[in-house]
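Trainee: My structure is stored as upload.cif, with mmCIF, C-alpha atoms.
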data_model
loop_
_atom_site.label_atom_id
_atom_site.label_comp_id
_atom_site.auth_asym_id
_atom_site.auth_seq_id
_atom_site.Cartn_x
_atom_site.Cartn_y
_atom_site.Cartn_z
CA MET U 64 0.00 0.00 0.00
CA SER U 65 1.37 3.38 -0.89
CA ARG U 66 1.82 5.84 1.89
CA PHE U 67 -0.79 8.36 0.83
CA GLU U 68 -3.46 6.04 -0.46
CA VAL U 69 -6.82 6.47 1.24
CA VAL U 70 -8.53 3.22 2.01
CA ARG U 71 -12.27 3.67 1.75
CA THR U 72 -14.21 1.57 4.17
CA GLY U 73 -17.78 1.43 5.38
CA ALA U 74 -20.16 4.11 4.14
CA SER U 75 -17.43 6.03 2.37
CA ALA U 76 -16.49 2.92 0.36
CA SER U 77 -19.87 3.02 -1.34
CA GLY U 78 -19.38 6.65 -2.28
CA GLY U 79 -21.31 8.23 0.57
CA GLU U 80 -19.80 10.93 2.71
CA PRO U 81 -18.80 10.00 6.25
CA VAL U 82 -21.48 10.97 8.70
CA THR U 83 -20.78 12.22 12.18
CA GLN U 84 -23.04 10.48 14.60
CA LYS U 85 -25.23 12.95 16.44
CA LYS U 86 -26.83 10.92 19.20
CA LEU U 87 -24.40 8.76 21.14
CA SER U 88 -25.17 6.88 24.28
CA HIS U 89 -22.70 6.83 27.14
CA ARG U 90 -22.01 3.11 26.89
CA GLY U 91 -22.78 0.39 24.43
CA GLU U 92 -21.91 2.02 21.13
CA ALA U 93 -20.16 -0.06 18.52
CA ALA U 94 -16.52 -0.61 19.42
CA ASN U 95 -13.60 0.27 17.21
CA PRO U 96 -12.57 -2.98 15.48
CA SER U 97 -9.00 -2.29 16.53
CA GLY U 98 -9.98 -3.02 20.13
CA GLN U 99 -11.04 -6.51 19.15
CA ALA U 100 -7.91 -6.98 17.09
CA LEU U 101 -5.71 -5.92 20.00
CA GLN U 102 -7.41 -8.36 22.33
CA GLY U 103 -6.71 -11.11 19.86
CA LYS U 104 -3.10 -10.15 19.27
CA PHE U 105 -1.96 -9.01 22.74
CA ALA U 106 -4.33 -10.93 24.99
CA ALA U 107 -1.97 -10.81 27.97
CA ALA U 108 -1.25 -7.09 27.75
CA ILE U 109 -4.78 -5.78 27.23
CA LYS U 110 -6.55 -5.33 30.53
CA ARG U 111 -9.95 -4.26 29.23
CA VAL U 112 -11.63 -2.44 26.37
CA GLU U 113 -14.36 0.12 27.00
CA VAL U 114 -16.54 2.17 24.70
CA ILE U 115 -17.45 5.53 26.15
CA TRP U 116 -19.45 8.02 24.09
CA GLY U 117 -18.62 5.99 21.00
CA GLU U 118 -14.86 6.17 21.58
CA THR U 119 -12.93 3.03 22.30
CA VAL U 120 -10.59 3.05 25.27
CA VAL U 121 -8.03 0.30 25.56
CA TYR U 122 -6.29 -0.23 28.90
CA VAL U 123 -2.83 -1.61 28.26
CA ASP U 124 -0.27 -3.02 30.65
CA PRO U 125 2.42 -0.27 30.90
CA PRO U 126 5.41 -2.39 29.80
CA SER U 127 3.60 -3.39 26.59
CA VAL U 128 2.45 0.05 25.49
CA HIS U 129 5.32 0.65 23.14
CA GLU U 130 4.89 -2.72 21.47
CA VAL U 131 1.12 -2.19 21.09
CA ILE U 132 1.48 1.27 19.61
CA ARG U 133 4.23 0.10 17.30
CA TRP U 134 1.93 -2.64 16.01
CA LEU U 135 -1.03 -0.26 15.64
CA HIS U 136 1.17 2.05 13.60
CA ASP U 137 2.74 -0.61 11.38
CA ASP U 138 -0.01 -3.15 10.82
CA ASP U 139 -1.68 -2.84 7.45
CA ALA U 140 -5.13 -3.44 8.89
CA GLN U 141 -4.73 -0.72 11.57
CA ARG U 142 -2.45 2.00 10.22
CA TYR U 143 -2.73 4.48 13.08
CA ASP U 144 -0.54 7.02 11.35
CA PHE U 145 -1.45 10.11 13.35
CA LEU U 146 -0.67 10.77 16.99
CA SER U 147 -3.13 13.36 18.26
CA ASP U 148 -2.05 13.73 21.83
CA ILE U 149 -0.18 12.30 24.75
CA THR U 150 -1.37 13.38 28.15
CA ALA U 151 -1.89 12.09 31.63
CA VAL U 152 -4.67 12.03 34.21
CA GLU U 153 -4.34 12.08 37.94
CA TYR U 154 -7.49 11.36 39.90
CA ARG U 155 -8.47 12.97 43.15
CA ASP U 156 -8.52 9.59 44.86
CA PRO U 157 -4.96 9.28 46.20
CA GLU U 158 -5.05 5.51 45.74
CA ALA U 159 -6.01 5.68 42.07
CA PRO U 160 -3.15 5.22 39.63
CA ILE U 161 -1.99 7.94 37.28
CA GLU U 162 -3.09 7.24 33.73
CA VAL U 163 -1.01 8.08 30.70
CA VAL U 164 -3.22 8.55 27.64
CA TRP U 165 -2.35 8.27 23.96
CA HIS U 166 -4.82 9.49 21.37
CA LEU U 167 -4.26 7.72 18.07
CA ARG U 168 -6.01 8.35 14.82
CA SER U 169 -6.01 6.25 11.70
CA LEU U 170 -6.50 8.58 8.78
CA PRO U 171 -6.97 5.83 6.14
CA PHE U 172 -9.62 3.98 8.15
CA ARG U 173 -11.10 7.02 9.90
CA ARG U 174 -10.68 5.46 13.32
CA PHE U 175 -9.93 6.92 16.68
CA LEU U 176 -8.41 4.93 19.50
CA ARG U 177 -7.52 5.90 23.02
CA ILE U 178 -4.79 3.93 24.76
CA LYS U 179 -4.43 4.18 28.51
CA ALA U 180 -1.70 2.88 30.77
CA GLN U 181 -2.06 2.96 34.53
CA LEU U 182 1.03 3.82 36.55
CA LEU U 183 0.82 3.05 40.24
CA LYS U 184 1.71 5.80 42.65
CA GLY U 185 4.61 5.16 44.92
CA LYS U 186 6.57 3.58 42.11
CA PRO U 187 8.73 5.55 39.68
CA LEU U 188 6.51 7.06 37.01
CA GLU U 189 8.28 5.67 33.99
CA ILE U 190 7.07 4.41 30.66
CA ASP U 191 8.57 3.79 27.26
CA SER U 192 8.68 6.68 24.84
CA VAL U 193 6.93 6.29 21.49
CA TYR U 194 9.23 8.84 19.91
CA ASP U 195 10.68 6.20 17.59
CA VAL U 196 7.16 5.49 16.25
CA TYR U 197 5.84 9.05 16.04
CA ARG U 198 8.18 12.02 15.87
CA ALA U 199 5.22 14.09 17.10
CA ALA U 200 5.68 12.49 20.50
CA ASP U 201 8.74 14.66 21.11
CA TRP U 202 7.09 17.78 22.51
CA LEU U 203 3.99 15.95 23.75
CA GLU U 204 6.10 13.75 25.99
CA ARG U 205 8.10 16.73 27.13
CA GLU U 206 4.90 18.49 28.12
CA CYS U 207 3.66 15.40 29.91
CA TYR U 208 6.95 15.20 31.78
CA ASP U 209 6.86 18.91 32.59
CA MET U 210 3.34 18.87 34.00
CA PHE U 211 3.11 15.40 35.59
CA GLY U 212 6.67 14.24 36.04
CA ILE U 213 6.25 11.08 33.99
CA ARG U 214 9.58 10.00 32.60
CA PHE U 215 9.56 8.59 29.10
CA ARG U 216 12.34 6.09 28.64
CA GLY U 217 14.10 6.51 25.34
CA HIS U 218 13.05 10.08 24.71
CA PRO U 219 16.01 11.84 23.11
CA ASP U 220 15.69 15.17 24.94
CA LEU U 221 13.39 14.89 27.93
CA ARG U 222 13.36 18.28 29.66
CA ARG U 223 10.79 20.88 30.58
CA ILE U 224 8.94 22.62 27.78
CA LEU U 225 6.35 24.97 29.31
CA MET U 226 8.06 25.89 32.55
CA TRP U 227 11.63 27.08 32.34
CA GLU U 228 14.35 24.50 32.71
CA SER U 229 15.59 25.62 36.11
CA TYR U 230 12.07 25.40 37.56
CA LYS U 231 12.37 23.74 40.94
CA GLU U 232 8.86 23.60 42.35
CA GLY U 233 7.80 20.28 40.95
CA PHE U 234 5.11 19.25 38.50
CA PRO U 235 2.21 21.74 38.37
CA LEU U 236 -0.64 19.49 37.26
CA ARG U 237 -0.15 16.94 40.01
CA LYS U 238 -2.90 16.92 42.59
CA ASP U 239 -0.53 17.59 45.47
CA PHE U 240 0.77 20.75 43.81
CA PRO U 241 -0.69 23.90 45.43
CA LEU U 242 -2.40 26.27 43.01
CA ARG U 243 0.01 29.10 43.76
CA GLY U 244 3.11 26.96 43.71
CA ARG U 245 5.31 25.81 46.54
CA PHE U 246 7.49 28.87 46.95
CA SER U 247 6.48 32.35 48.01
CA ARG U 248 5.78 34.98 45.39
CA SER U 249 9.02 36.84 45.97
CA GLU U 250 11.05 33.65 45.77
CA GLN U 251 9.23 32.60 42.61
CA LEU U 252 9.96 35.98 41.06
CA ARG U 253 13.60 35.86 42.10
CA GLN U 254 14.05 32.44 40.54
CA ALA U 255 12.16 33.43 37.40
CA LEU U 256 14.31 36.53 36.92
CA ALA U 257 17.45 34.47 37.47
CA GLN U 258 16.67 32.26 34.51
CA ASN U 259 18.56 32.93 31.33
CA PRO U 260 16.16 32.93 28.38
CA GLU U 261 18.98 32.65 25.88
CA ALA U 262 20.02 29.35 27.37
CA ARG U 263 17.24 27.71 25.41
CA TYR U 264 18.80 28.68 22.11
CA SER U 265 20.90 25.58 21.94
CA MET U 266 22.30 24.33 18.69
CA GLU U 267 20.22 21.19 18.75
CA GLU U 268 17.01 23.11 19.42
CA LEU U 269 17.25 25.60 16.58
CA THR U 270 19.45 23.65 14.18
CA ILE U 271 21.23 26.88 13.44
CA ALA U 272 24.40 25.12 12.49
CA ASP U 273 24.08 26.58 8.97
CA ALA U 274 23.95 30.13 10.23
CA PHE U 275 26.68 29.58 12.78
CA ALA U 276 29.12 31.96 11.11
CA GLU U 277 26.62 34.82 11.25
CA LEU U 278 25.94 34.55 14.98
CA PRO U 279 27.39 37.12 17.37
CA LEU U 280 30.88 36.31 18.52
CA ASP U 281 30.00 35.64 22.14
CA MET U 282 27.20 33.29 21.19
CA ARG U 283 29.49 31.45 18.81
CA GLU U 284 32.06 30.95 21.54
CA ARG U 285 29.43 29.74 23.96
CA LEU U 286 27.89 27.32 21.52
CA SER U 287 31.21 25.98 20.31
CA LYS U 288 31.95 24.97 23.87
CA GLY U 289 28.65 23.13 23.85
CA GLU U 290 27.40 24.95 26.89
CA ARG U 291 23.94 26.12 27.74
CA THR U 292 24.48 29.15 29.85
CA GLY U 293 22.77 29.89 33.08
CA GLU U 294 21.17 26.55 33.72
CA MET V 230 30.19 100.81 22.47
CA GLY V 231 29.67 98.03 20.04
CA LEU V 232 28.06 95.82 22.68
CA THR V 233 24.92 97.85 23.15
CA THR V 234 22.05 96.86 20.97
CA PRO V 235 20.52 99.55 18.78
CA ALA V 236 17.31 100.90 20.23
CA GLU V 237 15.12 99.67 17.41
CA GLN V 238 16.16 96.03 18.07
CA ARG V 239 15.35 96.06 21.80
CA THR V 240 11.61 96.03 21.29
CA VAL V 241 9.76 93.12 19.86
CA THR V 242 7.03 93.71 17.39
CA TYR V 243 4.45 91.01 16.94
CA ALA V 244 2.84 90.90 13.58
CA PRO V 245 0.96 87.64 12.89
CA GLU V 246 0.10 88.77 9.41
CA SER V 247 3.80 89.00 8.51
CA GLN V 248 4.19 85.16 8.79
CA GLU V 249 7.42 85.60 10.68
CA GLY V 250 6.06 84.96 14.15
CA TRP V 251 8.16 83.53 16.91
CA VAL V 252 7.46 82.23 20.34
CA ALA V 253 9.28 82.46 23.63
CA THR V 254 8.82 79.51 25.99
CA ARG V 255 10.47 77.37 28.58
CA MET V 256 12.82 74.65 27.39
CA ASP V 257 11.06 72.12 29.61
CA PHE V 258 7.75 72.96 28.05
CA LEU V 259 9.05 72.62 24.54
CA VAL V 260 10.86 69.34 25.16
CA ASN V 261 7.97 67.83 27.09
CA TRP V 262 5.49 68.98 24.47
CA ALA V 263 7.53 67.28 21.78
CA ARG V 264 8.00 64.12 23.83
CA ALA V 265 4.40 63.84 24.94
CA ASN V 266 3.09 64.10 21.42
CA SER V 267 5.46 61.65 19.81
CA LEU V 268 5.46 58.73 22.21
CA TRP V 269 6.43 55.63 20.28
CA PRO V 270 4.93 52.57 21.90
CA MET V 271 6.62 49.23 22.24
CA PRO V 272 3.66 46.85 22.26
CA PHE V 273 4.22 43.87 24.53
CA GLY V 274 0.97 42.06 23.82
CA THR V 275 0.53 38.64 25.37
CA ALA V 276 -3.23 38.17 25.59
CA CYS V 277 -6.66 39.58 24.81
CA CYS V 278 -5.61 43.08 25.92
CA ALA V 279 -3.43 43.12 22.82
CA ILE V 280 -6.56 42.75 20.70
CA GLU V 281 -8.03 45.84 22.35
CA PHE V 282 -4.70 47.56 21.83
CA MET V 283 -4.88 46.74 18.12
CA ALA V 284 -8.40 48.15 18.04
CA THR V 285 -7.08 51.30 19.69
CA ALA V 286 -4.38 51.64 17.09
CA ALA V 287 -6.76 50.98 14.20
CA SER V 288 -8.74 53.63 12.39
CA ASP V 289 -11.81 53.90 14.64
CA PHE V 290 -9.90 55.06 17.68
CA ASP V 291 -6.74 56.03 15.85
CA LEU V 292 -3.77 56.31 18.16
CA ALA V 293 -2.11 58.44 15.49
CA ARG V 294 -4.10 61.39 16.86
CA PHE V 295 -1.81 61.25 19.88
CA GLY V 296 1.41 60.83 17.94
CA MET V 297 1.60 57.09 18.61
CA GLU V 298 0.98 55.67 15.17
CA ARG V 299 4.49 54.34 14.95
CA MET V 300 4.61 50.99 16.73
CA SER V 301 8.17 50.30 17.59
CA PHE V 302 8.88 46.60 17.53
CA SER V 303 12.43 47.24 18.59
CA PRO V 304 12.84 48.40 22.16
CA ARG V 305 15.76 50.58 21.10
CA GLN V 306 13.50 52.99 19.25
CA ALA V 307 10.66 52.98 21.74
CA ASP V 308 9.49 55.43 24.41
CA VAL V 309 6.56 53.63 26.03
CA LEU V 310 6.35 49.98 26.92
CA ILE V 311 2.70 49.00 26.78
CA CYS V 312 2.32 45.66 28.50
CA ALA V 313 -1.01 44.30 27.31
CA GLY V 314 -1.86 40.98 28.86
CA ARG V 315 -0.73 38.54 31.48
CA VAL V 316 2.97 37.94 31.96
CA PRO V 317 3.96 34.43 33.00
CA PHE V 318 7.07 33.95 35.09
CA LYS V 319 8.83 32.57 32.07
CA LEU V 320 8.45 35.95 30.37
CA ALA V 321 9.61 37.91 33.42
CA PRO V 322 13.31 38.10 32.46
CA ILE V 323 12.34 38.87 28.88
CA ILE V 324 10.15 41.87 29.66
CA ARG V 325 12.80 43.11 32.06
CA ARG V 326 15.46 42.89 29.40
CA ILE V 327 13.22 44.67 26.90
CA TRP V 328 12.75 47.42 29.46
CA GLN V 329 16.49 47.64 30.02
CA GLN V 330 17.07 47.86 26.28
CA MET V 331 14.82 50.88 25.92
CA PRO V 332 16.72 54.18 25.98
CA GLN V 333 15.84 56.99 28.34
CA PRO V 334 13.43 58.73 28.55
CA LYS V 335 11.03 55.81 28.80
CA TRP V 336 7.69 55.12 30.36
CA CYS V 337 5.53 52.09 30.95
CA ILE V 338 1.80 51.51 30.75
CA SER V 339 0.39 48.43 32.41
CA MET V 340 -2.73 47.65 30.42
CA GLY V 341 -5.46 45.54 31.98
CA ALA V 342 -6.03 43.66 35.19
CA CYS V 343 -3.56 40.84 34.48
CA ALA V 344 -0.58 43.04 33.75
CA SER V 345 -1.36 45.26 36.74
CA THR V 346 -2.13 42.65 39.40
CA GLY V 347 -2.12 39.20 37.87
CA GLY V 348 -5.89 39.47 37.58
CA MET V 349 -7.78 36.23 37.83
CA PHE V 350 -4.58 34.25 37.28
CA ASP V 351 -3.63 33.96 40.92
CA ASN V 352 -1.60 30.83 40.29
CA TYR V 353 1.87 29.38 40.08
CA ALA V 354 2.64 30.58 36.58
CA VAL V 355 1.70 34.25 36.36
CA VAL V 356 3.52 37.33 37.63
CA GLN V 357 1.29 39.17 40.09
CA GLY V 358 1.67 42.59 38.51
CA ILE V 359 4.49 43.70 36.24
CA ASP V 360 5.39 46.41 38.76
CA THR V 361 7.21 43.63 40.60
CA ILE V 362 9.62 43.53 37.65
CA ILE V 363 9.72 46.98 36.06
CA PRO V 364 8.50 50.45 37.09
CA VAL V 365 5.03 51.34 35.83
CA ASP V 366 3.77 54.87 35.19
CA VAL V 367 0.12 54.30 34.36
CA TYR V 368 -2.17 51.41 35.23
CA VAL V 369 -5.18 50.97 32.97
CA PRO V 370 -7.93 48.93 34.65
CA GLY V 371 -10.28 46.67 32.77
CA CYS V 372 -10.50 43.11 31.55
CA PRO V 373 -9.66 44.03 28.87
CA PRO V 374 -9.88 47.84 28.93
CA ARG V 375 -11.90 49.40 26.15
CA PRO V 376 -9.94 51.57 23.70
CA GLU V 377 -11.38 54.66 25.40
CA GLY V 378 -9.83 53.42 28.64
CA LEU V 379 -6.44 52.93 27.08
CA ILE V 380 -6.60 56.33 25.42
CA TYR V 381 -7.46 57.84 28.80
CA GLY V 382 -4.39 56.14 30.23
CA ILE V 383 -2.27 57.45 27.38
CA ARG V 384 -3.58 60.98 27.97
CA MET V 385 -2.70 60.61 31.65
CA LEU V 386 0.80 59.55 30.65
CA GLN V 387 1.03 62.57 28.35
CA GLU V 388 0.05 64.78 31.28
CA LYS V 389 2.77 63.17 33.34
CA VAL V 390 5.32 63.72 30.59
CA LYS V 391 4.30 67.35 30.23
CA ASN V 392 4.79 67.97 33.94
CA GLU V 393 8.32 66.62 34.08
CA ARG V 394 11.17 69.01 34.86
CA SER V 395 14.58 68.49 33.36
CA SER V 396 16.11 69.82 36.58
CA ASP V 397 14.57 66.88 38.43
CA ALA V 398 17.25 64.30 37.71
CA GLY V 399 15.67 61.66 39.90
CA THR V 400 12.90 60.87 37.48
CA ARG V 401 15.31 59.21 35.07
CA ASP V 402 17.34 57.24 37.59
CA GLU V 403 17.38 53.52 37.08
CA MET V 404 17.95 51.35 40.08
CA GLU V 405 18.96 47.75 39.97
CA PRO V 406 18.50 45.80 43.18
CA ASP V 407 21.86 45.63 44.90
CA PRO V 408 22.09 42.83 47.46
CA THR V 409 25.01 44.53 49.20
CA SER V 410 23.04 47.71 49.82
CA GLN V 411 21.64 48.43 53.26
CA LEU V 412 18.28 49.15 51.69
CA TYR V 413 18.06 45.72 50.10
CA ILE V 414 15.38 43.46 51.55
CA PRO V 415 15.92 39.79 50.71
CA PRO V 416 12.90 37.75 49.58
CA SER V 417 12.83 35.81 52.84
CA VAL V 418 12.31 39.02 54.84
CA ILE V 419 9.66 40.19 52.40
CA ASP V 420 7.86 36.91 53.01
CA GLU V 421 8.12 37.42 56.73
CA LEU V 422 6.71 40.93 56.46
CA GLY V 423 3.91 39.69 54.25
CA GLU V 424 3.03 36.79 56.49
CA PRO V 425 -0.13 38.36 58.00
CA PHE V 426 -1.51 38.66 54.48
CA GLY V 427 -0.78 35.10 53.58
CA ASN V 428 1.85 33.68 51.30
CA SER V 429 1.80 31.90 48.01
CA VAL V 430 0.65 28.60 49.42
CA ASN V 431 -1.94 29.97 51.80
CA GLN V 432 -3.25 33.38 50.82
CA THR V 433 -5.88 35.35 52.60
CA ARG V 434 -6.44 37.60 49.60
CA SER V 435 -8.98 35.55 47.69
CA GLY V 436 -9.82 33.13 50.47
CA LEU V 437 -9.06 30.04 48.42
#
Have the structure of the file written as structure tokens, please.
Mentor:
Amino acid sequence: MSRFEVVRTGASASGGEPVTQKKLSHRGEAANPSGQALQGKFAAAIKRVEVIWGETVVYVDPPSVHEVIRWLHDDDAQRYDFLSDITAVEYRDPEAPIEVVWHLRSLPFRRFLRIKAQLLKGKPLEIDSVYDVYRAADWLERECYDMFGIRFRGHPDLRRILMWESYKEGFPLRKDFPLRGRFSRSEQLRQALAQNPEARYSMEELTIADAFAELPLDMRERLSKGERTGE
Amino acid sequence: MGLTTPAEQRTVTYAPESQEGWVATRMDFLVNWARANSLWPMPFGTACCAIEFMATAASDFDLARFGMERMSFSPRQADVLICAGRVPFKLAPIIRRIWQQMPQPKWCISMGACASTGGMFDNYAVVQGIDTIIPVDVYVPGCPPRPEGLIYGIRMLQEKVKNERSSDAGTRDEMEPDPTSQLYIPPSVIDELGEPFGNSVNQTRSGL
């Protein structure tokens, strides 16, 4: 199958336009066939499959997530070629595990699949990165790490993306994080002003290697030493 | 002998119809008049206030009437920093550097509730008023302020500019916090002083 071929299935195969369903019930809508396929292929790793508001949610054992997503991406009958989002959920119940959520979309088959992995609290929040499957996972995983502190093994450059890199207060979207942060306002301001915004302009971030000769002299010296100042 | 002015040149005749009129005035007045009517703004728009600022600059409200039609997107050619919108902590060093890059004389307008006080964003990410980073001359209230409100603030700033005296050197002094100075209060002491009013974790301000 060529990369950009659109496989027409269902109503669209017979020439009709795809119809967005208007009235969905909370449970009991038709499941995404990929859920069934996953249960057949990875029976041990799939904990359960739910359909909520017409969207299929697959709970996967955390160590198998990478393998499952790799298969969903590569298999000719699935072809989940678009990664919409990676995020995480922490529930108010302190016993409930933190869930990492992947939103996958199959453009050829017009399917949407939500993968969830439950990470128990009290253990290191670590899971395999899917960066090698989807390049789009780069910043999404960095955001997830920044806000929830989930470490993605195998991510090439896992550091903060929304907060500055020297941010020391923790992970803002965790339930135990106070709304106004852990430090006092004056301390927060002092630390924020102490950050060096130019430190983010690293060679690998901007890929400015081509324009290296045109950079200011001091920046060239700094970058040639491979240093990120101020951090 | 040659130093005395001839009698006919000691009197001034004023003849508007001759088109050669001239005016005597104070230097301060002239300089301030020129400055106040050619304030070049440096727009620092981060949120919805910037939309109102654009509306103010556009033809209906027309900032050009006040000599501000020239938006200066380089701080080095700007007179007024107009901070329109919330400033997260990550932007704090950036807006301070922009302010430091602006040449004297310079002024600052804090436009809207968020820039002035942090507004509704009383959280871990947003600076609670840009006056904790840079000096502010005029605060414009509103969420966001209507263009009339911003123009009122600009007119207030013009009044302030017109009332400056060049003999008053203190108005243009820039002070950087100096930790070795006796006047310096470290953040820990500021926290201690502010304790009755709550701190960042437990504030009494909004009762949350």
Trainee: Which of these residues is nearest to Pro219 in chain U, using only C-alpha atoms: U:Val121, U:Cys207, U:Ala200, U:Leu87?
Mentor: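 Of all the options, U:Ala200 lies closest to Pro219 in chain U.
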Trainee: Could you list, as a PyMOL selection string, every residue matched by the PyMOL selection byres ((chain U) within 6 of (chain V)) in this structure?
Mentor: chain U and resi 242-244+247-250+255-256
Trainee: Spell out the residues picked by the PyMOL selection byres ((chain U and resi 258) around 8) here, as a PyMOL selection string.
Mentor: (chain U and resi 227+229+254-257+259-260+293-294) or (chain V and resi 322)
Trainee: Find the distance between CA of Gly382 in chain V and CA of Met340 in chain V and write it in Å to one decimal.
Mentor: 8.7 Å
Trainee: As a PyMOL selection string, please: the residues near Arg315 in chain V (cut-off 8 Å, all atoms listed in the file, same-chain neighbours under 3 positions excluded).
Mentor: chain V and resi 275-276+343-344+347+355-356
Trainee: I'd like the neighbourhood of range 299-313 of chain V as a PDB file with C-alpha atoms, in the coordinates of the input, where a residue qualifies if any of its atoms comes within 7 Å (using only C-alpha atoms), though same-chain residues fewer than 5 positions away should be ignored.
Mentor:
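And here's part-v1.pdb as it stands now:
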ATOM      1  CA  LEU V 268       5.460  58.730  22.210  1.00  0.00           C
ATOM      2  CA  TRP V 269       6.430  55.630  20.280  1.00  0.00           C
ATOM      3  CA  PRO V 270       4.930  52.570  21.900  1.00  0.00           C
ATOM      4  CA  MET V 271       6.620  49.230  22.240  1.00  0.00           C
ATOM      5  CA  PRO V 272       3.660  46.850  22.260  1.00  0.00           C
ATOM      6  CA  PHE V 273       4.220  43.870  24.530  1.00  0.00           C
ATOM      7  CA  GLY V 274       0.970  42.060  23.820  1.00  0.00           C
ATOM      8  CA  THR V 275       0.530  38.640  25.370  1.00  0.00           C
ATOM      9  CA  ALA V 276      -3.230  38.170  25.590  1.00  0.00           C
ATOM     10  CA  CYS V 278      -5.610  43.080  25.920  1.00  0.00           C
ATOM     11  CA  ALA V 279      -3.430  43.120  22.820  1.00  0.00           C
ATOM     12  CA  ILE V 327      13.220  44.670  26.900  1.00  0.00           C
ATOM     13  CA  GLN V 330      17.070  47.860  26.280  1.00  0.00           C
ATOM     14  CA  MET V 331      14.820  50.880  25.920  1.00  0.00           C
ATOM     15  CA  PRO V 332      16.720  54.180  25.980  1.00  0.00           C
ATOM     16  CA  PRO V 334      13.430  58.730  28.550  1.00  0.00           C
ATOM     17  CA  LYS V 335      11.030  55.810  28.800  1.00  0.00           C
ATOM     18  CA  TRP V 336       7.690  55.120  30.360  1.00  0.00           C
ATOM     19  CA  CYS V 337       5.530  52.090  30.950  1.00  0.00           C
ATOM     20  CA  ILE V 338       1.800  51.510  30.750  1.00  0.00           C
ATOM     21  CA  SER V 339       0.390  48.430  32.410  1.00  0.00           C
ATOM     22  CA  MET V 340      -2.730  47.650  30.420  1.00  0.00           C
ATOM     23  CA  GLY V 341      -5.460  45.540  31.980  1.00  0.00           C
ATOM     24  CA  ALA V 344      -0.580  43.040  33.750  1.00  0.00           C
TER      25      ALA V 344
END
Trainee: Tell me which of U:Glu92, U:Glu232, U:Glu204, U:Asp148 sits closest to Ile178 in chain U, counting all atoms listed in the file.
Mentor: U:Asp148
Trainee: V:Leu379, V:Val390, V:Ala244, V:Met297: which is nearest Phe282 in chain V, counting only C-alpha atoms?
Mentor: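 Smallest separation from Phe282 in chain V among the options: V:Leu379.
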Trainee: Go through the shown structure with the PyMOL selection byres ((chain U and resi 225) around 8) and write out the matching residues as a list in words.
Mentor: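 Taken over the shown coordinates, the PyMOL selection byres ((chain U and resi 225) around 8) returns Glu206, Asp209, Arg223, Ile224, Met226 and Trp227 of chain U.
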Trainee: Between CA of Val369 in chain V and CA of Leu386 in chain V, measure the distance and give it in Å to one decimal.
Mentor: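 We find that CA of Val369 in chain V and CA of Leu386 in chain V lie 10.7 Å from each other.
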Trainee: Please, what distance in Å, to one decimal, runs between CA of Ile380 in chain V and CA of Arg255 in chain V?
Mentor: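 Calculated distance between CA of Ile380 in chain V and CA of Arg255 in chain V is 27.3 Å.
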Trainee: Is it possible to get the axis-aligned box enclosing range 161-169 of chain U (all listed atoms, 3 Å extra per side) as lines of an AutoDock Vina configuration file, with centre and edge lengths in Å rounded to one decimal?
Mentor:
center_x = -3.5
center_y = 7.9
center_z = 24.5
size_x = 11.0
size_y = 9.2
size_z = 31.6
Trainee: Quick one: everything within 12 Å of range 256-262 of chain V, counting all atoms listed in the file, minus sequence neighbours fewer than 6 positions away in the same chain. Send it as a list in words.
Mentor: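 Using all atoms listed in the file, the neighbours found are Leu268, Phe295, Gly296, Pro334, Leu386, Gln387, Glu388, Lys389, Val390, Lys391, Asn392, Glu393, Arg394, Ser395, Ser396 and Asp397 of chain V.
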Trainee: Output C-alpha atoms for every residue in that selection, as a PDB file, in the frame of the given file.
Mentor:
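out-v1.pdb, written as the output of this step:
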ATOM      1  CA  LEU V 268       5.460  58.730  22.210  1.00  0.00           C
ATOM      2  CA  PHE V 295      -1.810  61.250  19.880  1.00  0.00           C
ATOM      3  CA  GLY V 296       1.410  60.830  17.940  1.00  0.00           C
ATOM      4  CA  PRO V 334      13.430  58.730  28.550  1.00  0.00           C
ATOM      5  CA  LEU V 386       0.800  59.550  30.650  1.00  0.00           C
ATOM      6  CA  GLN V 387       1.030  62.570  28.350  1.00  0.00           C
ATOM      7  CA  GLU V 388       0.050  64.780  31.280  1.00  0.00           C
ATOM      8  CA  LYS V 389       2.770  63.170  33.340  1.00  0.00           C
ATOM      9  CA  VAL V 390       5.320  63.720  30.590  1.00  0.00           C
ATOM     10  CA  LYS V 391       4.300  67.350  30.230  1.00  0.00           C
ATOM     11  CA  ASN V 392       4.790  67.970  33.940  1.00  0.00           C
ATOM     12  CA  GLU V 393       8.320  66.620  34.080  1.00  0.00           C
ATOM     13  CA  ARG V 394      11.170  69.010  34.860  1.00  0.00           C
ATOM     14  CA  SER V 395      14.580  68.490  33.360  1.00  0.00           C
ATOM     15  CA  SER V 396      16.110  69.820  36.580  1.00  0.00           C
ATOM     16  CA  ASP V 397      14.570  66.880  38.430  1.00  0.00           C
TER      17      ASP V 397
END
Trainee: Taking a cut-off of 9 Å and counting only C-alpha atoms, can you build a table that, for each residue of range 177-205 of chain U near range 161-167 of chain U, reports the nearest atom pair and how far apart they are in Å (one decimal), sorted by chain then residue number, as a Markdown table?
Mentor:
| residue | atom | partner | partner_atom | distance |
| --- | --- | --- | --- | --- |
| U:Arg177 | CA | U:His166 | CA | 4.8 |
| U:Ile178 | CA | U:Trp165 | CA | 5.0 |
| U:Lys179 | CA | U:Val164 | CA | 4.6 |
| U:Ala180 | CA | U:Val163 | CA | 5.2 |
| U:Gln181 | CA | U:Glu162 | CA | 4.5 |
| U:Leu182 | CA | U:Ile161 | CA | 5.2 |
| U:Leu183 | CA | U:Ile161 | CA | 6.4 |
| U:Lys184 | CA | U:Ile161 | CA | 6.9 |
| U:Leu188 | CA | U:Ile161 | CA | 8.5 |
| U:Ile190 | CA | U:Val163 | CA | 8.9 |
